[in-house]
Structure formats: structure tokens, C-alpha cells
Amino acid sequence: HENEVLRMTVDQKNTKLVYTIKDKCRVCYTCVRECPVKAIKIINGQAEIIQERCIACGNCTRVCSQGAKAFLNSSGNVLKMLEKEENVIAILAPSFVSEFKEFDDYHELIGMIRELGFSKIVEVAFGADLVAREYRKIIKKKNVKGFISSDCPAIVSFIEKYHPDLLGNLAPVVSPMIALVRYLKS
């Protein structure tokens, strides 16, 4: 069952991961110029994201000096889960130790996360172990010259939208984060 879960591809949802906050857009064209896939165009005087073309790389959110480009924020959903459910698990990237340098001891951060109401905290490195095991199986089973492998959803989206002829070359393994989430759910 675990192996089957890990081989599934990421479900694509029609959720707008990146969007324009219209009140903030001053049509400076920075996002239009900087979008690597040309997924932004001016519509009715606003720099709008063309969702069918967007790969959710977030570049527009970084270059917009007006703060008019934003990512979907689901922190409210997390807070609701913490209020309603008993078993809510936080997963942390292995880099969390270097990201939160203000803590002398990473246990302080873990304690703060627990204090928020999370029942467990798990590091995504375990997901990387699960994924590595799957890659090993694939390489041993098939006489393959190579796969395109990426933990970055923007790269996978780029291939799906702009190079569908390469879909067969995408490794049939999810990212460590998704593998860990699926493992924890099961």
C-alpha cells in the first residue's frame, strides 16, 4: 500500500495558487516582464495571472514592488484544524534549523510548535528516505537511461504545461513532502 501511495502523481487542482490583489496593482509591468512563462497580461488595466499558463513559481510575488501578487494563504485552515482536531501533525523541512537562527536550541522552536496545538512534529527527511527507496526500486526494475526528477512543483507544472511530450520522462515519484503526508495519513 505504501509503495502504491508513493507512486501516485500529484493531483492538480484548479485552485489559484498565485493571484493579483487588484487594489494594489499599479500596472508597472514588472511582473509581466519577469514571468518566465509569460502567464501575466494586462486585462482591464490590471496585471492578471493567466491560470492556465501559470506554473506557480512565485517569481511575480518576489518582483512586485506593490505587493499586488500573492500566494494562496491557507494558514486560516490550519488554525481551524488546530481548534477542531486532536491529531494535527506539523511537518518541517530539514532546513528549519538554519532558517530559524534566532533559536540557540532547535528544541525551543519544536516546543513553540507543540504549544500551538500540533500533536506531533515530523521532519520531511523521513519523506526523503521513502522517496529514495522508490527511486532505488525504479532504477533496479527498469533499464532506464534517466528520469526528470524534481521536488519542485513549479518544474513539474512547467513540464505538464509547456513540454507534455516529456511527461513520460518525469519520475513517477512524488516529492518527499507529499510522500510523508501520504504516509502519515495512511
# chains A, B, ... in the order shown; residues from 1 in each chain; ligands from 1

$ residues_around --residues "Glu48 in chain A" --least-positions-apart "5" --cutoff "9 Å" --atoms "only C-alpha atoms" --output "PyMOL selection string"
chain A and resi 19-20+22+39-43

$ write_last_selection --atoms "all heavy atoms" --output "mmCIF file, in the first residue's frame"
data_model
loop_
_atom_site.group_PDB
_atom_site.id
_atom_site.type_symbol
_atom_site.label_atom_id
_atom_site.label_comp_id
_atom_site.auth_asym_id
_atom_site.auth_seq_id
_atom_site.Cartn_x
_atom_site.Cartn_y
_atom_site.Cartn_z
ATOM 1 N N TYR A 19 -2.167 34.887 -7.288
ATOM 2 C CA TYR A 19 -3.230 35.749 -7.790
ATOM 3 C C TYR A 19 -2.853 37.219 -7.599
ATOM 4 O O TYR A 19 -1.877 37.551 -6.926
ATOM 5 C CB TYR A 19 -4.556 35.430 -7.096
ATOM 6 C CG TYR A 19 -4.513 35.583 -5.598
ATOM 7 C CD1 TYR A 19 -4.877 36.775 -4.993
ATOM 8 C CD2 TYR A 19 -4.091 34.541 -4.785
ATOM 9 C CE1 TYR A 19 -4.815 36.924 -3.612
ATOM 10 C CE2 TYR A 19 -4.033 34.676 -3.419
ATOM 11 C CZ TYR A 19 -4.396 35.869 -2.834
ATOM 12 O OH TYR A 19 -4.333 36.013 -1.478
ATOM 13 N N THR A 20 -3.658 38.104 -8.198
ATOM 14 C CA THR A 20 -3.442 39.538 -8.130
ATOM 15 C C THR A 20 -4.394 40.172 -7.121
ATOM 16 O O THR A 20 -5.586 39.893 -7.134
ATOM 17 C CB THR A 20 -3.689 40.193 -9.509
ATOM 18 O OG1 THR A 20 -2.810 39.601 -10.465
ATOM 19 C CG2 THR A 20 -3.444 41.694 -9.470
ATOM 20 N N LYS A 22 -6.060 43.251 -6.728
ATOM 21 C CA LYS A 22 -6.327 44.316 -7.693
ATOM 22 C C LYS A 22 -6.146 45.719 -7.124
ATOM 23 O O LYS A 22 -5.677 46.614 -7.817
ATOM 24 C CB LYS A 22 -7.721 44.146 -8.291
ATOM 25 C CG LYS A 22 -7.828 42.880 -9.122
ATOM 26 C CD LYS A 22 -9.172 42.722 -9.765
ATOM 27 C CE LYS A 22 -9.184 41.436 -10.571
ATOM 28 N NZ LYS A 22 -10.356 41.308 -11.396
ATOM 29 N N ALA A 39 2.832 34.270 -18.194
ATOM 30 C CA ALA A 39 1.490 33.934 -17.730
ATOM 31 C C ALA A 39 0.777 35.131 -17.109
ATOM 32 O O ALA A 39 -0.184 34.963 -16.372
ATOM 33 C CB ALA A 39 1.570 32.788 -16.714
ATOM 34 N N ILE A 40 1.253 36.337 -17.398
ATOM 35 C CA ILE A 40 0.611 37.543 -16.866
ATOM 36 C C ILE A 40 0.364 38.493 -18.025
ATOM 37 O O ILE A 40 1.246 38.721 -18.847
ATOM 38 C CB ILE A 40 1.484 38.226 -15.793
ATOM 39 C CG1 ILE A 40 1.795 37.243 -14.658
ATOM 40 C CG2 ILE A 40 0.791 39.469 -15.244
ATOM 41 C CD1 ILE A 40 2.764 37.761 -13.622
ATOM 42 N N LYS A 41 -0.856 39.011 -18.076
ATOM 43 C CA LYS A 41 -1.147 40.013 -19.102
ATOM 44 C C LYS A 41 -2.053 41.075 -18.495
ATOM 45 O O LYS A 41 -2.696 40.871 -17.472
ATOM 46 C CB LYS A 41 -1.765 39.387 -20.343
ATOM 47 C CG LYS A 41 -3.166 38.875 -20.191
ATOM 48 C CD LYS A 41 -3.648 38.327 -21.525
ATOM 49 C CE LYS A 41 -5.074 37.867 -21.465
ATOM 50 N NZ LYS A 41 -5.553 37.371 -22.745
ATOM 51 N N ILE A 42 -2.069 42.207 -19.144
ATOM 52 C CA ILE A 42 -2.880 43.329 -18.670
ATOM 53 C C ILE A 42 -4.305 43.142 -19.184
ATOM 54 O O ILE A 42 -4.530 43.058 -20.385
ATOM 55 C CB ILE A 42 -2.303 44.686 -19.136
ATOM 56 C CG1 ILE A 42 -0.820 44.806 -18.757
ATOM 57 C CG2 ILE A 42 -3.130 45.841 -18.583
ATOM 58 C CD1 ILE A 42 -0.538 44.675 -17.275
ATOM 59 N N ILE A 43 -5.244 43.062 -18.224
ATOM 60 C CA ILE A 43 -6.659 42.909 -18.559
ATOM 61 C C ILE A 43 -7.414 43.980 -17.776
ATOM 62 O O ILE A 43 -7.314 44.031 -16.548
ATOM 63 C CB ILE A 43 -7.189 41.513 -18.172
ATOM 64 C CG1 ILE A 43 -6.388 40.416 -18.881
ATOM 65 C CG2 ILE A 43 -8.675 41.393 -18.490
ATOM 66 C CD1 ILE A 43 -6.703 39.011 -18.407
#

$ closest_residue --among "A:Cys31, A:Leu92, A:Val97, A:Ile113" --to "Val181 in chain A" --atoms "only C-alpha atoms"
A:Leu92

$ atom_distance --atom1 "CA of Leu17 in chain A" --atom2 "CA of Ser157 in chain A"
12.2 Å

$ residues_around --residues "Pro36 in chain A" --least-positions-apart "6" --cutoff "12 Å" --atoms "only C-alpha atoms" --output "short mmCIF file (atom, residue, chain, number, x, y, z; two decimals) with all heavy atoms, in the first residue's frame"
data_model
loop_
_atom_site.label_atom_id
_atom_site.label_comp_id
_atom_site.auth_asym_id
_atom_site.auth_seq_id
_atom_site.Cartn_x
_atom_site.Cartn_y
_atom_site.Cartn_z
N THR A 30 6.33 45.08 -14.15
CA THR A 30 7.46 44.29 -13.67
C THR A 30 7.13 42.81 -13.70
O THR A 30 7.91 41.99 -14.19
CB THR A 30 7.87 44.71 -12.25
OG1 THR A 30 8.17 46.10 -12.26
CG2 THR A 30 9.08 43.93 -11.77
N ARG A 53 -1.65 29.15 -17.79
CA ARG A 53 -0.24 29.24 -18.14
C ARG A 53 0.68 29.26 -16.92
O ARG A 53 1.85 28.94 -17.01
CB ARG A 53 0.02 30.48 -18.99
CG ARG A 53 -0.68 30.47 -20.33
CD ARG A 53 -0.31 31.67 -21.18
NE ARG A 53 1.10 31.78 -21.42
CZ ARG A 53 1.78 31.17 -22.41
NH1 ARG A 53 1.14 30.40 -23.24
NH2 ARG A 53 3.07 31.34 -22.55
N CYS A 54 0.13 29.67 -15.78
CA CYS A 54 0.92 29.86 -14.56
C CYS A 54 1.45 28.53 -14.03
O CYS A 54 0.72 27.55 -13.93
CB CYS A 54 0.07 30.54 -13.49
SG CYS A 54 0.93 30.84 -11.94
N ILE A 55 2.74 28.50 -13.66
CA ILE A 55 3.34 27.30 -13.08
C ILE A 55 3.54 27.48 -11.57
O ILE A 55 4.13 26.62 -10.91
CB ILE A 55 4.67 26.93 -13.77
CG1 ILE A 55 5.69 28.06 -13.65
CG2 ILE A 55 4.42 26.52 -15.21
CD1 ILE A 55 7.09 27.70 -14.12
N ALA A 56 3.07 28.57 -11.01
CA ALA A 56 3.14 28.85 -9.57
C ALA A 56 4.57 28.86 -9.05
O ALA A 56 4.85 28.36 -7.96
CB ALA A 56 2.26 27.88 -8.79
N CYS A 57 5.47 29.45 -9.82
CA CYS A 57 6.87 29.54 -9.37
C CYS A 57 7.05 30.63 -8.32
O CYS A 57 8.01 30.61 -7.56
CB CYS A 57 7.79 29.78 -10.56
SG CYS A 57 7.56 31.39 -11.36
N GLY A 58 6.14 31.60 -8.31
CA GLY A 58 6.21 32.67 -7.31
C GLY A 58 7.10 33.83 -7.68
O GLY A 58 7.26 34.76 -6.90
N ASN A 59 7.70 33.79 -8.85
CA ASN A 59 8.59 34.88 -9.24
C ASN A 59 7.88 36.23 -9.22
O ASN A 59 8.44 37.22 -8.76
CB ASN A 59 9.19 34.61 -10.63
CG ASN A 59 10.34 35.53 -10.91
OD1 ASN A 59 11.27 35.64 -10.12
ND2 ASN A 59 10.28 36.21 -12.04
N CYS A 60 6.64 36.26 -9.65
CA CYS A 60 5.90 37.53 -9.68
C CYS A 60 5.69 38.09 -8.27
O CYS A 60 5.69 39.30 -8.07
CB CYS A 60 4.56 37.38 -10.39
SG CYS A 60 3.46 36.15 -9.67
N ALA A 154 6.74 23.64 -9.31
CA ALA A 154 6.78 24.55 -10.47
C ALA A 154 7.44 23.87 -11.66
O ALA A 154 7.02 24.06 -12.81
CB ALA A 154 7.49 25.85 -10.12
N ILE A 155 8.46 23.07 -11.42
CA ILE A 155 9.14 22.36 -12.51
C ILE A 155 8.19 21.32 -13.10
O ILE A 155 8.07 21.19 -14.32
CB ILE A 155 10.43 21.68 -12.02
CG1 ILE A 155 11.44 22.72 -11.53
CG2 ILE A 155 11.03 20.78 -13.09
CD1 ILE A 155 11.92 23.68 -12.59
N PHE A 158 5.62 23.10 -15.08
CA PHE A 158 6.23 23.60 -16.32
C PHE A 158 6.25 22.50 -17.38
O PHE A 158 5.87 22.71 -18.53
CB PHE A 158 7.64 24.12 -16.05
CG PHE A 158 8.35 24.60 -17.28
CD1 PHE A 158 8.03 25.83 -17.83
CD2 PHE A 158 9.31 23.82 -17.88
CE1 PHE A 158 8.68 26.29 -18.98
CE2 PHE A 158 9.96 24.26 -19.03
CZ PHE A 158 9.64 25.50 -19.58
N TYR A 162 4.09 22.99 -20.63
CA TYR A 162 4.89 23.50 -21.74
C TYR A 162 5.69 22.43 -22.49
O TYR A 162 6.16 22.68 -23.58
CB TYR A 162 5.81 24.62 -21.26
CG TYR A 162 5.00 25.80 -20.81
CD1 TYR A 162 4.66 25.99 -19.48
CD2 TYR A 162 4.53 26.72 -21.74
CE1 TYR A 162 3.88 27.05 -19.07
CE2 TYR A 162 3.75 27.80 -21.35
CZ TYR A 162 3.43 27.96 -20.01
OH TYR A 162 2.65 29.00 -19.62
#

$ select_by_dssp --residues "range 71-143 of chain A" --states "alpha helix (DSSP H)" --output "ChimeraX atom specification"
/A:75-84,96-99,106-116,125-141

$ write_last_selection --atoms "N, CA and C atoms" --output "CSV table (one decimal), in the first residue's frame"
chain,number,residue,atom,x,y,z
A,75,SER,N,-3.2,29.4,6.0
A,75,SER,CA,-2.9,29.4,7.5
A,75,SER,C,-4.2,29.4,8.3
A,76,GLY,N,-5.3,30.1,7.8
A,76,GLY,CA,-6.6,30.1,8.5
A,76,GLY,C,-7.1,28.6,8.6
A,77,ASN,N,-6.9,27.9,7.5
A,77,ASN,CA,-7.4,26.5,7.6
A,77,ASN,C,-6.6,25.7,8.6
A,78,VAL,N,-5.3,26.0,8.8
A,78,VAL,CA,-4.5,25.3,9.8
A,78,VAL,C,-5.0,25.6,11.2
A,79,LEU,N,-5.3,26.9,11.4
A,79,LEU,CA,-5.8,27.3,12.7
A,79,LEU,C,-7.1,26.6,13.0
A,80,LYS,N,-8.0,26.5,12.0
A,80,LYS,CA,-9.3,25.8,12.2
A,80,LYS,C,-9.1,24.3,12.6
A,81,MET,N,-8.1,23.7,11.9
A,81,MET,CA,-7.8,22.3,12.2
A,81,MET,C,-7.3,22.2,13.6
A,82,LEU,N,-6.4,23.1,14.0
A,82,LEU,CA,-5.9,23.0,15.4
A,82,LEU,C,-7.0,23.2,16.4
A,83,GLU,N,-8.0,24.0,16.1
A,83,GLU,CA,-9.1,24.1,17.0
A,83,GLU,C,-10.1,22.9,17.1
A,84,LYS,N,-10.3,22.3,16.0
A,84,LYS,CA,-11.3,21.2,15.9
A,84,LYS,C,-10.7,19.8,16.1
A,96,PHE,N,14.9,23.7,8.6
A,96,PHE,CA,14.3,24.6,9.6
A,96,PHE,C,15.4,25.1,10.6
A,97,VAL,N,16.4,24.3,10.9
A,97,VAL,CA,17.4,24.7,11.9
A,97,VAL,C,18.1,25.9,11.4
A,98,SER,N,18.5,25.9,10.1
A,98,SER,CA,19.2,27.1,9.6
A,98,SER,C,18.3,28.3,9.3
A,99,GLU,N,17.0,28.0,9.1
A,99,GLU,CA,16.1,29.1,8.8
A,99,GLU,C,15.8,29.9,10.1
A,106,TYR,N,17.2,24.2,18.8
A,106,TYR,CA,16.0,24.0,17.9
A,106,TYR,C,14.8,23.4,18.7
A,107,HIS,N,15.1,22.9,19.9
A,107,HIS,CA,14.0,22.3,20.7
A,107,HIS,C,13.0,23.4,21.1
A,108,GLU,N,13.6,24.7,21.2
A,108,GLU,CA,12.7,25.8,21.6
A,108,GLU,C,11.6,25.9,20.5
A,109,LEU,N,12.0,25.9,19.2
A,109,LEU,CA,11.0,26.0,18.1
A,109,LEU,C,10.1,24.8,18.2
A,110,ILE,N,10.6,23.7,18.4
A,110,ILE,CA,9.7,22.5,18.4
A,110,ILE,C,8.7,22.7,19.6
A,111,GLY,N,9.1,23.2,20.7
A,111,GLY,CA,8.2,23.4,21.8
A,111,GLY,C,7.1,24.5,21.4
A,112,MET,N,7.5,25.5,20.7
A,112,MET,CA,6.6,26.5,20.3
A,112,MET,C,5.5,25.9,19.3
A,113,ILE,N,6.0,25.1,18.5
A,113,ILE,CA,5.0,24.4,17.5
A,113,ILE,C,4.0,23.6,18.3
A,114,ARG,N,4.6,22.8,19.2
A,114,ARG,CA,3.7,22.0,20.1
A,114,ARG,C,2.7,22.9,20.8
A,115,GLU,N,3.2,24.0,21.3
A,115,GLU,CA,2.3,24.9,22.1
A,115,GLU,C,1.2,25.4,21.2
A,116,LEU,N,1.4,25.5,19.9
A,116,LEU,CA,0.3,25.9,19.0
A,116,LEU,C,-0.8,24.9,19.0
A,125,ALA,N,12.7,14.9,6.2
A,125,ALA,CA,13.8,14.0,5.8
A,125,ALA,C,13.3,12.5,5.8
A,126,PHE,N,12.4,12.2,6.6
A,126,PHE,CA,11.8,10.8,6.5
A,126,PHE,C,11.1,10.6,5.2
A,127,GLY,N,10.4,11.6,4.7
A,127,GLY,CA,9.8,11.5,3.3
A,127,GLY,C,10.9,11.3,2.3
A,128,ALA,N,12.0,11.9,2.5
A,128,ALA,CA,13.1,11.8,1.5
A,128,ALA,C,13.6,10.3,1.5
A,129,ASP,N,13.6,9.7,2.7
A,129,ASP,CA,14.0,8.3,2.8
A,129,ASP,C,13.0,7.4,2.0
A,130,LEU,N,11.7,7.7,2.2
A,130,LEU,CA,10.7,7.0,1.4
A,130,LEU,C,10.9,7.1,-0.1
A,131,VAL,N,11.1,8.3,-0.5
A,131,VAL,CA,11.3,8.6,-1.9
A,131,VAL,C,12.5,8.0,-2.5
A,132,ALA,N,13.6,8.0,-1.7
A,132,ALA,CA,14.9,7.4,-2.2
A,132,ALA,C,14.7,5.9,-2.4
A,133,ARG,N,13.9,5.3,-1.5
A,133,ARG,CA,13.6,3.8,-1.6
A,133,ARG,C,12.9,3.6,-2.9
A,134,GLU,N,11.9,4.4,-3.3
A,134,GLU,CA,11.2,4.3,-4.5
A,134,GLU,C,12.0,4.4,-5.7
A,135,TYR,N,12.9,5.4,-5.7
A,135,TYR,CA,13.9,5.6,-6.8
A,135,TYR,C,14.7,4.4,-7.0
A,136,ARG,N,15.2,3.9,-5.9
A,136,ARG,CA,16.1,2.7,-6.0
A,136,ARG,C,15.3,1.5,-6.7
A,137,LYS,N,14.0,1.3,-6.3
A,137,LYS,CA,13.2,0.2,-6.9
A,137,LYS,C,13.1,0.5,-8.4
A,138,ILE,N,12.8,1.7,-8.8
A,138,ILE,CA,12.5,2.0,-10.2
A,138,ILE,C,13.8,1.8,-11.0
A,139,ILE,N,14.9,2.2,-10.5
A,139,ILE,CA,16.2,2.1,-11.2
A,139,ILE,C,16.6,0.6,-11.4
A,140,LYS,N,16.3,-0.2,-10.3
A,140,LYS,CA,16.6,-1.6,-10.4
A,140,LYS,C,15.7,-2.4,-11.4
A,141,LYS,N,14.4,-2.0,-11.4
A,141,LYS,CA,13.4,-2.7,-12.2
A,141,LYS,C,13.6,-2.4,-13.7

$ atom_distance --atom1 "CA of Ala90 in chain A" --atom2 "CA of Asp104 in chain A"
20.9 Å

$ atom_distance --atom1 "CA of Ala68 in chain A" --atom2 "CA of Ile21 in chain A"
4.8 Å

$ closest_residue --among "A:Lys120, A:Arg62, A:Phe103, A:Ala171" --to "Asn87 in chain A" --atoms "only C-alpha atoms"
A:Lys120

$ residues_around --residues "Val27 in chain A" --least-positions-apart "6" --cutoff "9 Å" --atoms "only C-alpha atoms" --output "list in words"
Ile42, Gly45, Gln46 and Ala47 of chain A

$ write_last_selection --atoms "all heavy atoms" --output "CSV table (one decimal), in the first residue's frame"
chain,number,residue,atom,x,y,z
A,42,ILE,N,-2.1,42.2,-19.1
A,42,ILE,CA,-2.9,43.3,-18.7
A,42,ILE,C,-4.3,43.1,-19.2
A,42,ILE,O,-4.5,43.1,-20.4
A,42,ILE,CB,-2.3,44.7,-19.1
A,42,ILE,CG1,-0.8,44.8,-18.8
A,42,ILE,CG2,-3.1,45.8,-18.6
A,42,ILE,CD1,-0.5,44.7,-17.3
A,45,GLY,N,-6.8,47.1,-17.3
A,45,GLY,CA,-5.9,47.9,-16.5
A,45,GLY,C,-5.3,47.2,-15.3
A,45,GLY,O,-4.7,47.9,-14.5
A,46,GLN,N,-5.3,45.9,-15.3
A,46,GLN,CA,-4.7,45.2,-14.2
A,46,GLN,C,-3.8,44.1,-14.7
A,46,GLN,O,-4.1,43.4,-15.7
A,46,GLN,CB,-5.8,44.5,-13.3
A,46,GLN,CG,-6.8,45.5,-12.6
A,46,GLN,CD,-6.1,46.2,-11.5
A,46,GLN,OE1,-5.6,45.5,-10.6
A,46,GLN,NE2,-6.1,47.5,-11.5
A,47,ALA,N,-2.7,43.8,-14.0
A,47,ALA,CA,-1.8,42.7,-14.4
A,47,ALA,C,-2.4,41.4,-13.8
A,47,ALA,O,-2.3,41.1,-12.7
A,47,ALA,CB,-0.4,43.0,-13.9

$ select_by_dssp --residues "range 1-146 of chain A" --states "strand (DSSP E or B)" --output "NGL selection string"
:A and (18-20 or 40-43 or 46-49 or 69-71 or 89-92 or 120-123)
